[in-house]
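Q: For reference, the structure I am asking about is given below.
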Amino acid sequence: MALAIFDLDNTLLGGDSDHAWGEFLVEQGIVDAASYQQANDRFYEHYQQGTLDIHEFLSFALRPLSQHNMDQLTELHALFMAQKIEPIILPKALTLLQQHRSQGDFLLIITATNRFVTAPIGARLGIDDLLATDPEIINNRYTGGVNGTPCFQHGKVIRLQEWLAATGRDLAGSYFYSDSCNDLPLLELVDNPVAVDADDKLRTIAAARNWSITSLRDNV
Amino acid sequence: MKQLLPTLITFFLLAACDTSTPESSTLESSTGKDSAAPNQRVSNKSAVELSSYVNHYLKQARSQCASALIDARKLDTTIEQLLKQTDPNHLTNAQQMWLSAQNSWLSCSLYRPNGGPLDQPLNTDPFPLYERIGSWPVSAGFVDSLPDYPYSGIINSPAPEITRQELLDQHQLTAPNEASVGLYVIEVLLFGSHGERSAEDFTPDSAEETTPEEEQVNAKLRRRAYLQVSSSIYLNDLKSLMGQLDPQLAVYPQSLAKLTLKQQHKLLLGGLHKRIEDIRTEFNDIREQYQDYPLSQSWHQRAVQPLKATALLFKNKVFKKGALADKVPINEVLTDKAQHQEGDLKKQRDEQPGELLISAINSAEQLKPADTENVISDSAFEKLNLELQALNTALAKKLLNYSANTITAPAEQLHSQ
């Protein structure tokens, strides 16, 4: 009966949904293939290295949302789920979620990827709540801006603390599963940090601190 | 239901237009795909501020619902533990958890009426979701035995079968208080009608002790199954509610987004006003018959928790002292500009709803029945009544910037759906 918190990309998914959304936009011809792909890859590399400027990235990533209405975006996302997300849902991740669900834990995904991309994924995984970077919506259209604190690095801690205050809960007995060194601030906060298919930096730190280290990939 | 919701919202907004400004009666453009309607004469800055309130409202609604869901999971786990090991400690644990679950549900219950998921039926239910989750008061004798009627209730009848569908089919079938599912049915099962429940009531008799007749209606087995199924229904209903408040996926937040900001503001604040009025009315009823509610004797929480949840809404910058009157484009949203001359606005700013709210919470806390005597002075009820009245007057005047009648109208229309 605790809070079980999960990072999404490369933790519960065998890939990065934010990067996959960019690839999807390129494949659908919605954005200029050459320039967008190049920028998308460059931001992803910075993310993996822990050097991403989140505001610069969000300005890039959210711009296409502002260029389409809600109905168009909903249709696009349904196709994105089928083509890009379903193939990277990890069976072992579903088992892990079920284990926590069975012991009465509250399942919370906390991700830097924006809510437009991640909310349907969270629903597909059957989680209880989602904290994600919130794209700004005014007059039923995305503006391309961000609402509130981006859910990235220490921003995840801020957003979680806001959520805990609003729900009147605490982190007693809590878990956090993540693959990324970007999530160190939150991993350090919970009672049970778990490194999942971790990047080199996180793997080293997790080993040094005697944190749990695991894999949700079938072939590892 | 997904198709029904926008229709309902449109319906009661249309009804509200009877007492609203001429500009708000043009709904076609405001409910269309592009809600940047030409008749919506609010500046970009104000649009962001009002939008901020709506976002805050939805975020709070989802947070309170998440809290209720967390407690529902805990309650389900303690019930599971009780059924595995039926002893006084496990029963006490489950009862304590029920009290926590009630508090978080009551906070969540603030978020109606607003045309949202709590006001809508699930699937083909003939009642709104809040009646399924938190129907109150319930007739304990409809569920289980009473001290003077040991064989009453579903528990002591051969029918219905204790299954999810059968229990849902029985819910409020004959009268609103004849509830067969919901948090307060779980209360009857866990506490008994008058707090008389013992762990033995969940202990199945051994085969040697039961006669064939008793086997026909094995109350203890039925009570165990009933507790398990009703807890599961409660848990799943809250999970469903969470999904319906998802800002990205659910119909309700998206339907709200298609309304003009002015209409959103009116709908959500009108709902808040109506909810507080409902609390006041309910406590005037309780005042007459509070000694008939002896179960867990925690009914004062029916005022305390939603009012505390209201206090969380007040933390939003839109609600800070003077903020609404200063920042909202008053000339754009007033229904009767003549009522709001500069002098009146200044006077209204001096009436602080936040202070009235704190007083009302304190007064509601005072209604907690004493452990030994279930007697509460009439003046304590009257104090809460007057404070809730003042709070709602202040809300209507200071925060809503509409006349009280105009604000109440849409919520009443909604409530009657």
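Each chain in the structure tokens gets a letter, A, B and so on, in the order shown; residues start at 1 in every chain, and ligands are counted from 1 in the order they appear.
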Enumerate, in order of chain and increasing residue number, the residues of chain A with an atom no farther than 9 Å from chain B, each with its shortest atom pair and distance in Å to one decimal, counting only C-alpha atoms, as a tab-separated table.
A:
```
residue	atom	partner	partner_atom	distance
A:Met1	CA	B:Lys74	CA	6.1
A:Ala2	CA	B:Ile70	CA	8.6
A:Leu3	CA	B:Ile70	CA	8.7
A:Asn69	CA	B:Lys33	CA	8.2
A:Met70	CA	B:Lys33	CA	8.4
A:Asp71	CA	B:Lys33	CA	8.7
A:Arg101	CA	B:Arg73	CA	9.0
A:Gln103	CA	B:Thr77	CA	7.6
A:Gly104	CA	B:Arg73	CA	5.4
A:Asp105	CA	B:Arg73	CA	7.3
A:Phe106	CA	B:Ile70	CA	6.0
A:Arg115	CA	B:Gln248	CA	6.9
A:Phe116	CA	B:Gln248	CA	6.3
A:Ala119	CA	B:Gln248	CA	6.2
A:Pro120	CA	B:Leu249	CA	6.8
A:Ala123	CA	B:Gly243	CA	7.9
A:Asp128	CA	B:Lys239	CA	7.1
A:Asp129	CA	B:Ala66	CA	7.3
A:Leu130	CA	B:Asp246	CA	9.0
A:Ile137	CA	B:Ser51	CA	8.6
A:Ile138	CA	B:Ser51	CA	7.0
A:Asn139	CA	B:Ser35	CA	5.5
A:Asn140	CA	B:Ala257	CA	5.2
A:Arg141	CA	B:Asp34	CA	8.3
A:Trp163	CA	B:Ser63	CA	7.0
A:Leu164	CA	B:Ser63	CA	8.8
A:Ala166	CA	B:Ser63	CA	5.8
A:Thr167	CA	B:Ser67	CA	5.0
A:Gly168	CA	B:Ser67	CA	7.2
A:Arg169	CA	B:Ser67	CA	7.6
```
Q: Please dump the current selection as a PDB file, in the first residue's frame; keep N, CA and C atoms.
A:
```pdb
ATOM      1  N   MET A   1       0.835  -1.195   0.000  1.00  0.00           N
ATOM      2  CA  MET A   1       0.000   0.000   0.000  1.00  0.00           C
ATOM      3  C   MET A   1       0.874   1.249   0.000  1.00  0.00           C
ATOM      4  N   ALA A   2       1.551   1.465  -1.129  1.00  0.00           N
ATOM      5  CA  ALA A   2       2.460   2.614  -1.222  1.00  0.00           C
ATOM      6  C   ALA A   2       2.336   3.222  -2.600  1.00  0.00           C
ATOM      7  N   LEU A   3       3.118   4.250  -2.787  1.00  0.00           N
ATOM      8  CA  LEU A   3       3.161   4.893  -4.087  1.00  0.00           C
ATOM      9  C   LEU A   3       4.226   4.191  -4.927  1.00  0.00           C
ATOM     10  N   ASN A  69      -5.580  21.217 -35.074  1.00  0.00           N
ATOM     11  CA  ASN A  69      -6.652  21.285 -34.075  1.00  0.00           C
ATOM     12  C   ASN A  69      -6.748  19.960 -33.318  1.00  0.00           C
ATOM     13  N   MET A  70      -7.566  19.953 -32.290  1.00  0.00           N
ATOM     14  CA  MET A  70      -7.634  18.801 -31.376  1.00  0.00           C
ATOM     15  C   MET A  70      -8.074  17.521 -32.087  1.00  0.00           C
ATOM     16  N   ASP A  71      -9.040  17.637 -32.976  1.00  0.00           N
ATOM     17  CA  ASP A  71      -9.538  16.439 -33.656  1.00  0.00           C
ATOM     18  C   ASP A  71      -8.449  15.807 -34.516  1.00  0.00           C
ATOM     19  N   ARG A 101       0.024  -3.378  -8.491  1.00  0.00           N
ATOM     20  CA  ARG A 101      -1.429  -3.217  -8.390  1.00  0.00           C
ATOM     21  C   ARG A 101      -1.986  -4.238  -7.409  1.00  0.00           C
ATOM     22  N   GLN A 103      -0.587  -5.580  -4.879  1.00  0.00           N
ATOM     23  CA  GLN A 103      -0.313  -5.324  -3.455  1.00  0.00           C
ATOM     24  C   GLN A 103      -0.924  -4.010  -2.989  1.00  0.00           C
ATOM     25  N   GLY A 104      -1.853  -3.474  -3.798  1.00  0.00           N
ATOM     26  CA  GLY A 104      -2.615  -2.302  -3.376  1.00  0.00           C
ATOM     27  C   GLY A 104      -1.876  -0.996  -3.550  1.00  0.00           C
ATOM     28  N   ASP A 105      -0.786  -0.973  -4.327  1.00  0.00           N
ATOM     29  CA  ASP A 105      -0.041   0.270  -4.523  1.00  0.00           C
ATOM     30  C   ASP A 105      -0.750   1.175  -5.529  1.00  0.00           C
ATOM     31  N   PHE A 106      -0.492   2.464  -5.392  1.00  0.00           N
ATOM     32  CA  PHE A 106      -1.027   3.455  -6.322  1.00  0.00           C
ATOM     33  C   PHE A 106       0.013   3.660  -7.410  1.00  0.00           C
ATOM     34  N   ARG A 115       2.240  15.645 -21.902  1.00  0.00           N
ATOM     35  CA  ARG A 115       1.003  14.905 -21.608  1.00  0.00           C
ATOM     36  C   ARG A 115       0.261  14.486 -22.865  1.00  0.00           C
ATOM     37  N   PHE A 116       0.345  15.283 -23.916  1.00  0.00           N
ATOM     38  CA  PHE A 116      -0.348  14.898 -25.146  1.00  0.00           C
ATOM     39  C   PHE A 116       0.145  13.534 -25.623  1.00  0.00           C
ATOM     40  N   ALA A 119      -0.418  10.664 -22.151  1.00  0.00           N
ATOM     41  CA  ALA A 119      -1.668  10.304 -21.453  1.00  0.00           C
ATOM     42  C   ALA A 119      -2.302   9.028 -22.028  1.00  0.00           C
ATOM     43  N   PRO A 120      -2.406   8.897 -23.346  1.00  0.00           N
ATOM     44  CA  PRO A 120      -2.998   7.646 -23.850  1.00  0.00           C
ATOM     45  C   PRO A 120      -2.124   6.421 -23.543  1.00  0.00           C
ATOM     46  N   ALA A 123      -2.915   5.458 -20.015  1.00  0.00           N
ATOM     47  CA  ALA A 123      -4.222   4.777 -19.976  1.00  0.00           C
ATOM     48  C   ALA A 123      -4.077   3.337 -20.479  1.00  0.00           C
ATOM     49  N   ASP A 128      -2.699   4.663 -12.507  1.00  0.00           N
ATOM     50  CA  ASP A 128      -3.717   5.427 -11.792  1.00  0.00           C
ATOM     51  C   ASP A 128      -3.622   6.924 -12.069  1.00  0.00           C
ATOM     52  N   ASP A 129      -2.410   7.439 -12.209  1.00  0.00           N
ATOM     53  CA  ASP A 129      -2.298   8.890 -12.472  1.00  0.00           C
ATOM     54  C   ASP A 129      -0.975   9.149 -13.194  1.00  0.00           C
ATOM     55  N   LEU A 130      -0.927  10.305 -13.822  1.00  0.00           N
ATOM     56  CA  LEU A 130       0.217  10.655 -14.660  1.00  0.00           C
ATOM     57  C   LEU A 130       0.661  12.078 -14.347  1.00  0.00           C
ATOM     58  N   ILE A 137      -2.779  24.912 -23.167  1.00  0.00           N
ATOM     59  CA  ILE A 137      -3.945  24.908 -24.066  1.00  0.00           C
ATOM     60  C   ILE A 137      -4.763  26.153 -23.774  1.00  0.00           C
ATOM     61  N   ILE A 138      -5.030  26.936 -24.773  1.00  0.00           N
ATOM     62  CA  ILE A 138      -5.929  28.083 -24.620  1.00  0.00           C
ATOM     63  C   ILE A 138      -6.917  28.050 -25.780  1.00  0.00           C
ATOM     64  N   ASN A 139      -8.186  28.253 -25.430  1.00  0.00           N
ATOM     65  CA  ASN A 139      -9.244  28.205 -26.446  1.00  0.00           C
ATOM     66  C   ASN A 139      -9.208  26.898 -27.239  1.00  0.00           C
ATOM     67  N   ASN A 140      -9.001  25.809 -26.488  1.00  0.00           N
ATOM     68  CA  ASN A 140      -9.045  24.461 -27.072  1.00  0.00           C
ATOM     69  C   ASN A 140      -7.989  24.231 -28.151  1.00  0.00           C
ATOM     70  N   ARG A 141      -6.885  24.942 -28.060  1.00  0.00           N
ATOM     71  CA  ARG A 141      -5.763  24.706 -28.985  1.00  0.00           C
ATOM     72  C   ARG A 141      -4.469  24.743 -28.193  1.00  0.00           C
ATOM     73  N   TRP A 163       1.962  17.340  -6.140  1.00  0.00           N
ATOM     74  CA  TRP A 163       0.939  16.285  -6.186  1.00  0.00           C
ATOM     75  C   TRP A 163       0.707  15.710  -4.787  1.00  0.00           C
ATOM     76  N   LEU A 164       1.798  15.493  -4.054  1.00  0.00           N
ATOM     77  CA  LEU A 164       1.664  14.944  -2.695  1.00  0.00           C
ATOM     78  C   LEU A 164       0.902  15.919  -1.804  1.00  0.00           C
ATOM     79  N   ALA A 166      -1.289  18.133  -2.782  1.00  0.00           N
ATOM     80  CA  ALA A 166      -2.693  18.189  -3.199  1.00  0.00           C
ATOM     81  C   ALA A 166      -3.459  16.950  -2.763  1.00  0.00           C
ATOM     82  N   THR A 167      -2.810  15.810  -2.754  1.00  0.00           N
ATOM     83  CA  THR A 167      -3.507  14.581  -2.381  1.00  0.00           C
ATOM     84  C   THR A 167      -3.343  14.246  -0.894  1.00  0.00           C
ATOM     85  N   GLY A 168      -2.495  15.006  -0.203  1.00  0.00           N
ATOM     86  CA  GLY A 168      -2.291  14.751   1.221  1.00  0.00           C
ATOM     87  C   GLY A 168      -1.570  13.447   1.492  1.00  0.00           C
ATOM     88  N   ARG A 169      -0.662  13.061   0.607  1.00  0.00           N
ATOM     89  CA  ARG A 169       0.048  11.781   0.752  1.00  0.00           C
ATOM     90  C   ARG A 169       1.519  12.004   1.052  1.00  0.00           C
TER      91      ARG A 169
END
```
Q: Tell me which of B:Ser145, B:Thr203, B:Gln165, B:Asn177 sits closest to Glu131 in chain B, counting only C-alpha atoms.
A: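 Selected residue with least distance to Glu131 in chain B: B:Asn177.
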Q: Mind giving me the straight-line distance from CA of His154 in chain A to CA of Gly50 in chain A in Å, one decimal?
A: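 Straight-line distance from CA of His154 in chain A to CA of Gly50 in chain A works out to 12.2 Å.
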Q: Nearest to Asp200 in chain A among A:Ala165, A:Gln49, A:Met81, A:Ile89, with distances taken over only C-alpha atoms: which residue is it?
A: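 For Asp200 in chain A, the nearest of the given residues is A:Gln49.
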Q: Record the distance separating CA of Lys84 in chain B and CA of Glu187 in chain B, expressed in Å with one decimal.
A: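 Spanning CA of Lys84 in chain B to CA of Glu187 in chain B is a straight-line distance of 19.0 Å.
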Q: Using only C-alpha atoms, determine which residues lie at most 12 Å from Ala390 in chain B, disregarding the query and same-chain residues fewer than 3 positions distant; provide the list as a list in words.
A: His273, Ile276, Glu277, Arg280, Glu351, Gln352, Pro353, Gly354, Glu355, Leu356, Leu357, Ser359, Ala360, Lys383, Leu384, Asn385, Leu386, Glu387, Thr393, Ala394, Leu395, Ala396, Lys397 and Lys398 of chain B
Q: Extract, using only C-alpha atoms, all DNA, RNA and protein residues at most 10 Å from Leu171 in chain A, discarding same-chain residues fewer than 4 positions from it, and format them as a tab-separated table (two decimals) with N, CA and C atoms, in the first residue's frame.
A:
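Saved to around.tsv:
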```
chain	number	residue	atom	x	y	z
A	2	ALA	N	1.55	1.47	-1.13
A	2	ALA	CA	2.46	2.61	-1.22
A	2	ALA	C	2.34	3.22	-2.60
A	3	LEU	N	3.12	4.25	-2.79
A	3	LEU	CA	3.16	4.89	-4.09
A	3	LEU	C	4.23	4.19	-4.93
A	4	ALA	N	3.82	3.66	-6.07
A	4	ALA	CA	4.78	3.04	-6.99
A	4	ALA	C	4.91	3.97	-8.20
A	160	LEU	N	6.08	16.29	-8.19
A	160	LEU	CA	5.63	15.24	-7.27
A	160	LEU	C	5.26	15.85	-5.91
A	161	GLN	N	6.07	16.80	-5.46
A	161	GLN	CA	5.76	17.42	-4.17
A	161	GLN	C	4.42	18.17	-4.24
A	164	LEU	N	1.80	15.49	-4.05
A	164	LEU	CA	1.66	14.94	-2.70
A	164	LEU	C	0.90	15.92	-1.80
A	175	TYR	N	8.25	3.56	-4.22
A	175	TYR	CA	9.20	3.03	-5.20
A	175	TYR	C	9.33	4.05	-6.33
A	189	LEU	N	14.93	10.52	-3.52
A	189	LEU	CA	13.87	10.93	-2.60
A	189	LEU	C	13.03	9.76	-2.08
A	190	VAL	N	12.91	8.72	-2.90
A	190	VAL	CA	11.97	7.64	-2.53
A	190	VAL	C	12.63	6.61	-1.61
A	191	ASP	N	11.81	5.77	-1.01
A	191	ASP	CA	12.34	4.73	-0.12
A	191	ASP	C	12.99	3.60	-0.89
A	192	ASN	N	12.46	3.30	-2.08
A	192	ASN	CA	12.97	2.16	-2.85
A	192	ASN	C	13.32	2.57	-4.28
```
Q: Counting only C-alpha atoms, which residue out of A:Leu125, A:Leu216, A:Ile85, A:Ile109 sits closest to Ala20 in chain A?
A: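 Using only C-alpha atoms, Ala20 in chain A sits closest to A:Ile85.
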